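Report on the structure given below.
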Amino acid sequence: MNPTLKPPSSYSLYVHLPWCKAKCPYCDFNSHAADRIPAERYLDALIADLDRELPRIWGRSVRTVFIGGGTPSLFPPEIIDRLISTIRARLRPHSRMEITLEANPGAIEAASFRAFREVGITRLSLGIQSFNDDSLQRLGRIHDAAAAHRAVELAIAAEFESYNLDLIFALPGQDLAAAQADLRMALDYAPPHLSLYQLTLEAGTPFSTHPPADLPDSDQAADMEDILRRQLQEADMERYEISAHARPGHRCQHNRNYWLYGDYIGIGAGAHGKITLPEGIWRSRKPSRPESYMDDALSVLDILGDREPILSADRPFEFMLNALRLTDGFPVALFPERTGLSLQIIQPQLRQAERDGLVVMEDGILRPTARGLNFYNDLCVRFVP
């Protein structure tokens, strides 16, 4: 028992829908290409999975829901409607619950955007990645630039409370002018939120095994990022996290809960969860293969997937790995509240990071400096047990 460990009053729910029309060569998510999706059976499995989670979060309110994938917008609106209705019926929804759905251009589901809004989706996240035909083709995307523009136009017309555009830079064969053109086209739509990522070669992906020959080198990518971030700042898109920019009132509350080491449950194939109980903090993971997940979820098993405690020694690194992503930082009082540990245990690392110009402490708020964000990995590794 740890008497200082108090479960948060609210939590987030992540729902994983693992199917795509095609698997992109840079993607390391738990996603699977499929022509046909067993949507009804998978939804039944999700509901059974959620029912198993209820005892761990009873009495708390769900603040955000994120339906990710895969390409969740491949599921018909009536399935998403039943999913949201089930969530509202079984959980205690926050009065202003944010419900995000991920979507990709280039599929017929884009015409369903208005229907998704009508069944309760408040926020759409569009995986645009690029508005350049050559870049999209080399990324293995199934949509072209025209489909990317059409998807944004449909998202705007559907009148979601908010929406996000995902862009990737440092693409194969991309120079600074092309990267700037991509971002300029995105900003022409005045999106409320934009996530900007550098292309990374994730282990186990085709791009990792056979890297594209003409990727920008690390110096070129760094220069490209500096200029793109400045371009976003000039467009009044505030950088509130390493990769995320938003206009006032449009920060992603679901991701913010992750970054502040909040609680969340995960349902669906390969979904992860983290829940604080009086006796400790627990991590969970569901079976990754969709077929195995559905079989197990619809069986009589009491526990679905794996669960393990997060050891006290690992919590400082996990907390800092998330919280130091936020440009505004976090109240230092949040560290003992979320980890159940005294801030004193990481004071030596904090003092050294401050001397090195990586973090600054002001009025009880610890935040990374611009240098700290640039050397984020070097900063976080200081808290590894």
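We name chains A, B, ... following the order of the structure tokens; residues begin at 1 in each chain, and ligands are numbered from 1 as shown.
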
Near range 33-35 of chain A, within 12 Å and counting only C-alpha atoms, which residues show up once chain neighbours fewer than 4 positions away are dropped, as an MDAnalysis selection string? chainID A and resid 17:25 27 29 39 69:71 74 142 290

I need the chosen residues saved as a compact mmCIF listing (two decimals), in the first residue's frame, with all heavy atoms.
# COMPACT_ATOMS: atom_id res chain seq x y z
N LEU A 17 -9.26 0.56 -33.25
CA LEU A 17 -9.89 -0.12 -34.38
C LEU A 17 -8.78 -0.39 -35.39
O LEU A 17 -8.30 0.54 -36.04
CB LEU A 17 -10.99 0.76 -34.99
CG LEU A 17 -12.06 1.27 -34.01
CD1 LEU A 17 -13.16 2.02 -34.76
CD2 LEU A 17 -12.66 0.14 -33.20
N PRO A 18 -8.34 -1.64 -35.53
CA PRO A 18 -7.01 -1.92 -36.11
C PRO A 18 -6.92 -2.08 -37.62
O PRO A 18 -5.85 -2.43 -38.11
CB PRO A 18 -6.64 -3.24 -35.42
CG PRO A 18 -7.96 -3.95 -35.26
CD PRO A 18 -8.96 -2.85 -34.97
N TRP A 19 -7.99 -1.83 -38.37
CA TRP A 19 -7.91 -2.12 -39.79
C TRP A 19 -7.68 -0.89 -40.65
O TRP A 19 -8.15 0.20 -40.34
CB TRP A 19 -9.19 -2.82 -40.25
CG TRP A 19 -9.28 -4.24 -39.75
CD1 TRP A 19 -8.60 -5.33 -40.22
CD2 TRP A 19 -10.06 -4.70 -38.65
NE1 TRP A 19 -8.92 -6.45 -39.49
CE2 TRP A 19 -9.82 -6.10 -38.51
CE3 TRP A 19 -10.95 -4.09 -37.76
CZ2 TRP A 19 -10.44 -6.87 -37.54
CZ3 TRP A 19 -11.56 -4.86 -36.79
CH2 TRP A 19 -11.31 -6.23 -36.68
N CYS A 20 -6.92 -1.08 -41.73
CA CYS A 20 -6.67 -0.05 -42.75
C CYS A 20 -6.94 -0.65 -44.12
O CYS A 20 -7.00 -1.87 -44.27
CB CYS A 20 -5.21 0.42 -42.70
SG CYS A 20 -4.79 1.50 -41.33
N LYS A 21 -7.05 0.22 -45.11
CA LYS A 21 -7.16 -0.28 -46.48
C LYS A 21 -5.83 -0.83 -46.97
O LYS A 21 -5.77 -1.75 -47.79
CB LYS A 21 -7.66 0.82 -47.41
CG LYS A 21 -9.12 1.15 -47.20
CD LYS A 21 -9.71 1.80 -48.44
CE LYS A 21 -11.23 1.73 -48.37
NZ LYS A 21 -11.86 2.14 -49.63
N ALA A 22 -4.73 -0.22 -46.50
CA ALA A 22 -3.38 -0.67 -46.86
C ALA A 22 -2.44 -0.28 -45.73
O ALA A 22 -2.68 0.70 -45.02
CB ALA A 22 -2.92 -0.06 -48.17
N LYS A 23 -1.37 -1.05 -45.56
CA LYS A 23 -0.39 -0.79 -44.50
C LYS A 23 0.73 0.07 -45.07
O LYS A 23 1.41 -0.31 -46.03
CB LYS A 23 0.17 -2.12 -43.98
CG LYS A 23 1.18 -1.99 -42.86
CD LYS A 23 0.54 -1.71 -41.52
CE LYS A 23 1.57 -1.78 -40.40
NZ LYS A 23 0.99 -1.49 -39.09
N CYS A 24 0.95 1.25 -44.47
CA CYS A 24 2.00 2.14 -44.96
C CYS A 24 3.37 1.63 -44.53
O CYS A 24 3.52 1.09 -43.43
CB CYS A 24 1.78 3.56 -44.42
SG CYS A 24 0.24 4.31 -44.96
N PRO A 25 4.41 1.81 -45.35
CA PRO A 25 5.71 1.22 -45.06
C PRO A 25 6.46 1.86 -43.89
O PRO A 25 7.45 1.31 -43.43
CB PRO A 25 6.49 1.41 -46.37
CG PRO A 25 5.83 2.56 -47.04
CD PRO A 25 4.39 2.45 -46.68
N CYS A 27 4.77 2.78 -40.99
CA CYS A 27 3.87 2.69 -39.84
C CYS A 27 4.20 1.48 -38.97
O CYS A 27 4.29 0.35 -39.47
CB CYS A 27 2.42 2.59 -40.32
SG CYS A 27 1.23 2.36 -38.98
N PHE A 29 2.27 1.03 -36.08
CA PHE A 29 1.09 0.84 -35.25
C PHE A 29 0.55 -0.57 -35.45
O PHE A 29 0.85 -1.24 -36.45
CB PHE A 29 0.00 1.85 -35.60
CG PHE A 29 0.37 3.28 -35.29
CD1 PHE A 29 -0.31 4.33 -35.90
CD2 PHE A 29 1.38 3.59 -34.40
CE1 PHE A 29 0.02 5.65 -35.63
CE2 PHE A 29 1.72 4.91 -34.13
CZ PHE A 29 1.04 5.93 -34.74
N ALA A 39 -17.06 -5.75 -38.53
CA ALA A 39 -17.37 -4.62 -37.66
C ALA A 39 -18.29 -4.99 -36.50
O ALA A 39 -18.05 -4.60 -35.35
CB ALA A 39 -18.00 -3.49 -38.49
N GLY A 69 -6.48 4.05 -34.63
CA GLY A 69 -6.28 2.85 -35.43
C GLY A 69 -4.89 2.74 -36.00
O GLY A 69 -3.96 3.35 -35.48
N GLY A 70 -4.81 2.06 -37.17
CA GLY A 70 -5.85 1.75 -38.12
C GLY A 70 -6.53 3.00 -38.66
O GLY A 70 -6.08 4.11 -38.54
N THR A 71 -7.64 2.74 -39.33
CA THR A 71 -8.46 3.81 -39.88
C THR A 71 -9.87 3.64 -39.34
O THR A 71 -10.71 3.00 -39.98
CB THR A 71 -8.45 3.79 -41.42
OG1 THR A 71 -7.10 3.81 -41.89
CG2 THR A 71 -9.19 4.99 -41.99
N LEU A 74 -13.20 3.90 -41.33
CA LEU A 74 -13.67 2.84 -42.22
C LEU A 74 -14.91 2.16 -41.64
O LEU A 74 -15.68 1.53 -42.37
CB LEU A 74 -12.58 1.79 -42.45
CG LEU A 74 -11.40 2.20 -43.33
CD1 LEU A 74 -10.33 1.12 -43.35
CD2 LEU A 74 -11.87 2.52 -44.75
N ILE A 142 -2.59 5.75 -49.81
CA ILE A 142 -3.53 5.39 -50.87
C ILE A 142 -4.26 6.61 -51.43
O ILE A 142 -4.99 6.49 -52.41
CB ILE A 142 -4.56 4.36 -50.37
CG1 ILE A 142 -5.43 4.98 -49.26
CG2 ILE A 142 -3.89 3.08 -49.90
CD1 ILE A 142 -6.64 4.13 -48.90
N PRO A 290 -6.14 -9.07 -34.12
CA PRO A 290 -7.58 -8.84 -34.01
C PRO A 290 -8.39 -10.13 -33.80
O PRO A 290 -9.33 -10.14 -33.00
CB PRO A 290 -7.93 -8.19 -35.36
CG PRO A 290 -6.68 -7.52 -35.78
CD PRO A 290 -5.55 -8.41 -35.31

Using only C-alpha atoms, what table do you get, as JSON lines, when you list each residue of range 151-261 of chain A with an atom no more than 6 Å from range 318-335 of chain A, its nearest pair of atoms, and their distance in Å rounded to one decimal, rows by chain then rising number?
{"residue": "A:Tyr240", "atom": "CA", "partner": "A:Thr327", "partner_atom": "CA", "distance": 5.1}
{"residue": "A:Glu241", "atom": "CA", "partner": "A:Leu326", "partner_atom": "CA", "distance": 4.4}
{"residue": "A:Ile242", "atom": "CA", "partner": "A:Arg325", "partner_atom": "CA", "distance": 5.4}
{"residue": "A:Trp259", "atom": "CA", "partner": "A:Asn322", "partner_atom": "CA", "distance": 4.4}
{"residue": "A:Leu260", "atom": "CA", "partner": "A:Ala323", "partner_atom": "CA", "distance": 5.3}
{"residue": "A:Tyr261", "atom": "CA", "partner": "A:Phe319", "partner_atom": "CA", "distance": 5.8}

Using backbone DSSP assignments, extract all strand (DSSP E) residues from range 136-359 of chain A; output them as a PyMOL selection string. chain A and resi 162-169+193-198+238-239+244-246+264-268+272-277+280-285+306-309+330-331+359

Going by DSSP on the backbone, which residues of range 98-195 of chain A come out as helix (DSSP H, G or I)? List them as an MDAnalysis selection string. chainID A and resid 108:118 133:138 145:158 176:187

Looking at A:Phe169, A:Phe207, A:Tyr163, A:Tyr293, which one is nearest to Leu194 in chain A, with distances taken over only C-alpha atoms? A:Tyr163

Extract, using only C-alpha atoms, all DNA, RNA and protein residues at most 12 Å from Arg251 in chain A, discarding same-chain residues fewer than 3 positions from it, and format them as a list in words. Glu98, Arg123, Glu161, Ser162, Tyr163, Asn164, Pro191, Pro192, His193, Leu194, Ser195, Met237, Glu238, Arg239, Tyr240, Glu241, Ser243, Ala244, His245, Ala246, Arg247, Pro248, His254, Asn255, Arg256, Asn257 and Leu326 of chain A

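Separating CA of Gly127 in chain A from CA of Arg285 in chain A is a distance of 24.8 Å.
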
Name the closest residue to Asp81 in chain A among the candidates A:Val119, A:Ile37, A:Leu54, A:Ala48; distances are taken between atoms, counting only C-alpha atoms. A:Val119

Could you give me, as a list in words, the residues within 10 Å of Tyr376 in chain A, counting only C-alpha atoms and dropping anything in the same chain fewer than 3 positions from it? Ile242, Leu321, Leu324, Arg325, Leu358, Pro368, Thr369, Ala370, Arg371, Gly372, Leu373, Leu379, Cys380 and Val381 of chain A

Using only C-alpha atoms, which protein or nucleic acid residues come within 10 Å of Gly173 in chain A? Drop anything in the same chain fewer than 6 positions from it, and give the result as a ChimeraX atom specification. /A:134-135,138,212-216

May I have the selected residues written with all heavy atoms, as a JSON list (two decimals), in the first residue's frame?
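So the final result, stored in selection.json, reads:
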[["chain", "number", "residue", "atom", "x", "y", "z"],
["A", 134, "ASP", "N", 3.83, 13.25, -55.21],
["A", 134, "ASP", "CA", 5.02, 12.40, -55.20],
["A", 134, "ASP", "C", 5.35, 11.93, -53.78],
["A", 134, "ASP", "O", 5.64, 10.75, -53.57],
["A", 134, "ASP", "CB", 6.21, 13.15, -55.79],
["A", 134, "ASP", "CG", 7.47, 12.29, -55.84],
["A", 134, "ASP", "OD1", 7.45, 11.27, -56.56],
["A", 134, "ASP", "OD2", 8.45, 12.62, -55.13],
["A", 135, "SER", "N", 5.26, 12.82, -52.81],
["A", 135, "SER", "CA", 5.54, 12.44, -51.43],
["A", 135, "SER", "C", 4.55, 11.40, -50.93],
["A", 135, "SER", "O", 4.92, 10.43, -50.27],
["A", 135, "SER", "CB", 5.50, 13.68, -50.52],
["A", 135, "SER", "OG", 6.57, 14.54, -50.80],
["A", 138, "ARG", "N", 5.37, 8.02, -52.38],
["A", 138, "ARG", "CA", 6.57, 7.42, -51.81],
["A", 138, "ARG", "C", 6.35, 6.99, -50.36],
["A", 138, "ARG", "O", 7.07, 6.13, -49.85],
["A", 138, "ARG", "CB", 7.74, 8.38, -51.93],
["A", 138, "ARG", "CG", 8.05, 8.72, -53.40],
["A", 138, "ARG", "CD", 9.38, 9.38, -53.57],
["A", 138, "ARG", "NE", 10.47, 8.50, -53.19],
["A", 138, "ARG", "CZ", 11.75, 8.83, -53.20],
["A", 138, "ARG", "NH1", 12.10, 10.05, -53.57],
["A", 138, "ARG", "NH2", 12.68, 7.99, -52.83],
["A", 212, "PRO", "N", 14.47, 4.55, -47.59],
["A", 212, "PRO", "CA", 14.52, 5.31, -48.86],
["A", 212, "PRO", "C", 15.90, 5.94, -49.03],
["A", 212, "PRO", "O", 16.53, 6.39, -48.06],
["A", 212, "PRO", "CB", 13.45, 6.39, -48.66],
["A", 212, "PRO", "CG", 12.53, 5.82, -47.62],
["A", 212, "PRO", "CD", 13.39, 5.01, -46.70],
["A", 213, "ALA", "N", 16.37, 5.98, -50.26],
["A", 213, "ALA", "CA", 17.76, 6.39, -50.52],
["A", 213, "ALA", "C", 17.99, 7.88, -50.35],
["A", 213, "ALA", "O", 19.11, 8.31, -50.08],
["A", 213, "ALA", "CB", 18.16, 5.95, -51.92],
["A", 214, "ASP", "N", 16.96, 8.69, -50.51],
["A", 214, "ASP", "CA", 17.16, 10.14, -50.56],
["A", 214, "ASP", "C", 16.44, 10.86, -49.43],
["A", 214, "ASP", "O", 15.86, 11.93, -49.64],
["A", 214, "ASP", "CB", 16.74, 10.70, -51.92],
["A", 214, "ASP", "CG", 15.32, 10.26, -52.30],
["A", 214, "ASP", "OD1", 14.72, 9.44, -51.57],
["A", 214, "ASP", "OD2", 14.81, 10.76, -53.32],
["A", 215, "LEU", "N", 16.52, 10.31, -48.23],
["A", 215, "LEU", "CA", 15.98, 11.00, -47.07],
["A", 215, "LEU", "C", 16.86, 12.19, -46.70],
["A", 215, "LEU", "O", 18.10, 12.10, -46.80],
["A", 215, "LEU", "CB", 15.90, 10.06, -45.86],
["A", 215, "LEU", "CG", 14.76, 9.05, -45.82],
["A", 215, "LEU", "CD1", 14.95, 8.10, -44.64],
["A", 215, "LEU", "CD2", 13.41, 9.76, -45.70],
["A", 216, "PRO", "N", 16.30, 13.31, -46.26],
["A", 216, "PRO", "CA", 17.14, 14.40, -45.74],
["A", 216, "PRO", "C", 17.98, 13.90, -44.57],
["A", 216, "PRO", "O", 17.50, 13.08, -43.77],
["A", 216, "PRO", "CB", 16.11, 15.44, -45.29],
["A", 216, "PRO", "CG", 14.88, 15.14, -46.07],
["A", 216, "PRO", "CD", 14.87, 13.65, -46.27]]

One-decimal distance in Å that lies between CA of Ala103 in chain A and CA of Asp166 in chain A: 10.4 Å

Please identify all polymer residues within 12 Å of Leu183 in chain A, counting only C-alpha atoms, omitting same-chain residues fewer than 5 positions from it, and present them as a PyMOL selection string. chain A and resi 128-132+165-169+176-178+188-191+194-197+224-225+227-233+235+237

Would you export the selected residues with N, CA, C and O atoms as a compact mmCIF listing (two decimals), in the first residue's frame, please?
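Result file result_23.txt:
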# COMPACT_ATOMS: atom_id res chain seq x y z
N ILE A 128 -3.34 13.59 -43.00
CA ILE A 128 -3.03 14.13 -44.33
C ILE A 128 -1.62 13.72 -44.75
O ILE A 128 -1.39 13.25 -45.86
N GLN A 129 -0.63 13.95 -43.89
CA GLN A 129 0.80 13.65 -44.07
C GLN A 129 1.47 14.54 -45.11
O GLN A 129 2.57 15.04 -44.88
N SER A 130 0.84 14.76 -46.25
CA SER A 130 1.43 15.65 -47.26
C SER A 130 0.34 16.03 -48.27
O SER A 130 -0.65 15.30 -48.43
N PHE A 131 0.54 17.18 -48.92
CA PHE A 131 -0.33 17.57 -50.02
C PHE A 131 0.38 17.43 -51.36
O PHE A 131 -0.07 17.96 -52.38
N ASN A 132 1.49 16.71 -51.36
CA ASN A 132 2.31 16.53 -52.56
C ASN A 132 2.13 15.12 -53.09
O ASN A 132 2.35 14.14 -52.37
N LEU A 165 -5.01 18.31 -38.25
CA LEU A 165 -4.33 17.82 -39.45
C LEU A 165 -2.97 17.29 -39.05
O LEU A 165 -2.21 17.97 -38.36
N ASP A 166 -2.65 16.08 -39.47
CA ASP A 166 -1.31 15.49 -39.28
C ASP A 166 -0.48 15.75 -40.53
O ASP A 166 -0.93 15.44 -41.64
N LEU A 167 0.73 16.28 -40.33
CA LEU A 167 1.69 16.43 -41.42
C LEU A 167 3.01 15.78 -41.03
O LEU A 167 3.37 15.78 -39.84
N ILE A 168 3.73 15.24 -42.00
CA ILE A 168 5.06 14.67 -41.79
C ILE A 168 6.05 15.43 -42.67
O ILE A 168 5.75 15.76 -43.82
N PHE A 169 7.24 15.71 -42.11
CA PHE A 169 8.28 16.38 -42.90
C PHE A 169 9.54 15.51 -42.92
O PHE A 169 9.58 14.46 -42.29
N LEU A 176 13.43 21.76 -48.51
CA LEU A 176 12.79 22.74 -47.64
C LEU A 176 11.61 23.40 -48.33
O LEU A 176 10.55 23.59 -47.71
N ALA A 177 11.75 23.75 -49.59
CA ALA A 177 10.67 24.43 -50.30
C ALA A 177 9.42 23.56 -50.35
O ALA A 177 8.29 24.05 -50.17
N ALA A 178 9.59 22.26 -50.58
CA ALA A 178 8.44 21.36 -50.65
C ALA A 178 7.78 21.21 -49.28
O ALA A 178 6.55 21.15 -49.16
N ASP A 188 -3.47 27.29 -44.99
CA ASP A 188 -4.48 28.01 -45.76
C ASP A 188 -5.89 27.66 -45.30
O ASP A 188 -6.83 28.45 -45.49
N TYR A 189 -6.06 26.48 -44.70
CA TYR A 189 -7.37 26.08 -44.19
C TYR A 189 -7.63 26.61 -42.77
O TYR A 189 -8.71 26.41 -42.23
N ALA A 190 -6.64 27.28 -42.19
CA ALA A 190 -6.75 27.80 -40.81
C ALA A 190 -7.22 26.70 -39.85
O ALA A 190 -8.21 26.88 -39.13
N PRO A 191 -6.52 25.56 -39.80
CA PRO A 191 -6.97 24.48 -38.92
C PRO A 191 -6.84 24.89 -37.45
O PRO A 191 -5.93 25.63 -37.08
N LEU A 194 -2.83 21.40 -35.43
CA LEU A 194 -1.97 20.76 -36.42
C LEU A 194 -0.83 20.04 -35.70
O LEU A 194 -0.18 20.61 -34.82
N SER A 195 -0.62 18.78 -36.07
CA SER A 195 0.48 17.99 -35.52
C SER A 195 1.53 17.80 -36.60
O SER A 195 1.22 17.35 -37.70
N LEU A 196 2.76 18.17 -36.27
CA LEU A 196 3.86 18.12 -37.24
C LEU A 196 4.92 17.16 -36.75
O LEU A 196 5.51 17.36 -35.69
N TYR A 197 5.16 16.10 -37.52
CA TYR A 197 6.10 15.05 -37.12
C TYR A 197 7.22 14.91 -38.15
O TYR A 197 6.99 15.06 -39.35
N MET A 224 15.04 22.08 -41.34
CA MET A 224 13.69 22.09 -41.86
C MET A 224 12.68 22.28 -40.72
O MET A 224 11.75 23.10 -40.82
N GLU A 225 12.89 21.57 -39.63
CA GLU A 225 11.97 21.67 -38.50
C GLU A 225 11.96 23.08 -37.92
O GLU A 225 10.90 23.64 -37.62
N ILE A 227 12.51 25.92 -39.31
CA ILE A 227 11.80 26.87 -40.18
C ILE A 227 10.30 26.59 -40.18
O ILE A 227 9.48 27.51 -40.15
N LEU A 228 9.92 25.31 -40.17
CA LEU A 228 8.49 24.97 -40.16
C LEU A 228 7.83 25.39 -38.85
O LEU A 228 6.70 25.90 -38.84
N ARG A 229 8.53 25.18 -37.73
CA ARG A 229 7.97 25.61 -36.44
C ARG A 229 7.80 27.13 -36.42
O ARG A 229 6.81 27.65 -35.88
N ARG A 230 8.75 27.84 -37.01
CA ARG A 230 8.65 29.29 -37.06
C ARG A 230 7.47 29.71 -37.95
O ARG A 230 6.74 30.66 -37.64
N GLN A 231 7.28 28.98 -39.03
CA GLN A 231 6.15 29.24 -39.93
C GLN A 231 4.82 29.06 -39.19
O GLN A 231 3.88 29.85 -39.37
N LEU A 232 4.75 28.05 -38.34
CA LEU A 232 3.54 27.82 -37.54
C LEU A 232 3.33 28.93 -36.52
O LEU A 232 2.21 29.40 -36.31
N GLN A 233 4.41 29.35 -35.89
CA GLN A 233 4.31 30.42 -34.91
C GLN A 233 3.81 31.71 -35.55
O GLN A 233 2.96 32.42 -34.98
N ALA A 235 1.89 31.92 -37.93
CA ALA A 235 0.47 31.74 -38.27
C ALA A 235 -0.40 31.67 -37.01
O ALA A 235 -1.58 31.29 -37.09
N MET A 237 -0.21 29.63 -34.55
CA MET A 237 -0.45 28.26 -34.09
C MET A 237 0.53 27.99 -32.95
O MET A 237 1.72 27.74 -33.18

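Distances to Ser299 in chain A were evaluated for A:Arg52, A:His149, A:Arg96, A:Arg367 using only C-alpha atoms, and the minimum falls at A:Arg52.
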
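The spacing separating CA of Ile84 in chain A from CA of Glu308 in chain A amounts to 28.4 Å.
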
Identify, on the basis of only C-alpha atoms, every residue whose closest approach to Ser284 in chain A does not exceed 8 Å; exclude the query and any residue fewer than 2 positions from it along the same chain; express the result as a list in words. Gly266, His272, Gly273, Lys274, Trp282, Lys286, Gly305, Asp306, Arg307 and Glu308 of chain A

Can those selected residues be exported to a file as an mmCIF file, in the first residue's frame so that it contains N, CA, C and O atoms?
data_model
loop_
_atom_site.group_PDB
_atom_site.id
_atom_site.type_symbol
_atom_site.label_atom_id
_atom_site.label_comp_id
_atom_site.auth_asym_id
_atom_site.auth_seq_id
_atom_site.Cartn_x
_atom_site.Cartn_y
_atom_site.Cartn_z
ATOM 1 N N GLY A 266 -7.642 1.215 -22.049
ATOM 2 C CA GLY A 266 -7.555 0.937 -23.475
ATOM 3 C C GLY A 266 -8.332 -0.309 -23.807
ATOM 4 O O GLY A 266 -8.158 -1.348 -23.169
ATOM 5 N N HIS A 272 -3.378 -0.239 -24.984
ATOM 6 C CA HIS A 272 -2.696 -0.133 -23.702
ATOM 7 C C HIS A 272 -3.547 0.678 -22.729
ATOM 8 O O HIS A 272 -4.335 1.536 -23.140
ATOM 9 N N GLY A 273 -3.352 0.438 -21.438
ATOM 10 C CA GLY A 273 -4.022 1.207 -20.408
ATOM 11 C C GLY A 273 -3.094 1.454 -19.235
ATOM 12 O O GLY A 273 -2.076 0.780 -19.070
ATOM 13 N N LYS A 274 -3.441 2.451 -18.426
ATOM 14 C CA LYS A 274 -2.704 2.770 -17.200
ATOM 15 C C LYS A 274 -3.710 3.283 -16.178
ATOM 16 O O LYS A 274 -4.369 4.304 -16.412
ATOM 17 N N TRP A 282 -1.131 0.433 -12.388
ATOM 18 C CA TRP A 282 -1.109 -0.786 -13.188
ATOM 19 C C TRP A 282 -1.167 -0.465 -14.675
ATOM 20 O O TRP A 282 -1.888 0.425 -15.105
ATOM 21 N N LYS A 286 -3.864 -5.369 -24.282
ATOM 22 C CA LYS A 286 -4.765 -6.374 -24.838
ATOM 23 C C LYS A 286 -4.073 -7.149 -25.962
ATOM 24 O O LYS A 286 -3.105 -6.668 -26.557
ATOM 25 N N GLY A 305 -5.968 -10.003 -21.719
ATOM 26 C CA GLY A 305 -4.635 -9.478 -21.939
ATOM 27 C C GLY A 305 -3.753 -9.548 -20.708
ATOM 28 O O GLY A 305 -3.998 -10.317 -19.775
ATOM 29 N N ASP A 306 -2.710 -8.716 -20.703
ATOM 30 C CA ASP A 306 -1.707 -8.733 -19.632
ATOM 31 C C ASP A 306 -1.832 -7.505 -18.750
ATOM 32 O O ASP A 306 -2.118 -6.407 -19.237
ATOM 33 N N ARG A 307 -1.567 -7.674 -17.450
ATOM 34 C CA ARG A 307 -1.539 -6.557 -16.511
ATOM 35 C C ARG A 307 -0.314 -6.710 -15.629
ATOM 36 O O ARG A 307 0.018 -7.812 -15.193
ATOM 37 N N GLU A 308 0.343 -5.594 -15.363
ATOM 38 C CA GLU A 308 1.506 -5.616 -14.496
ATOM 39 C C GLU A 308 1.622 -4.291 -13.761
ATOM 40 O O GLU A 308 1.213 -3.246 -14.272
#
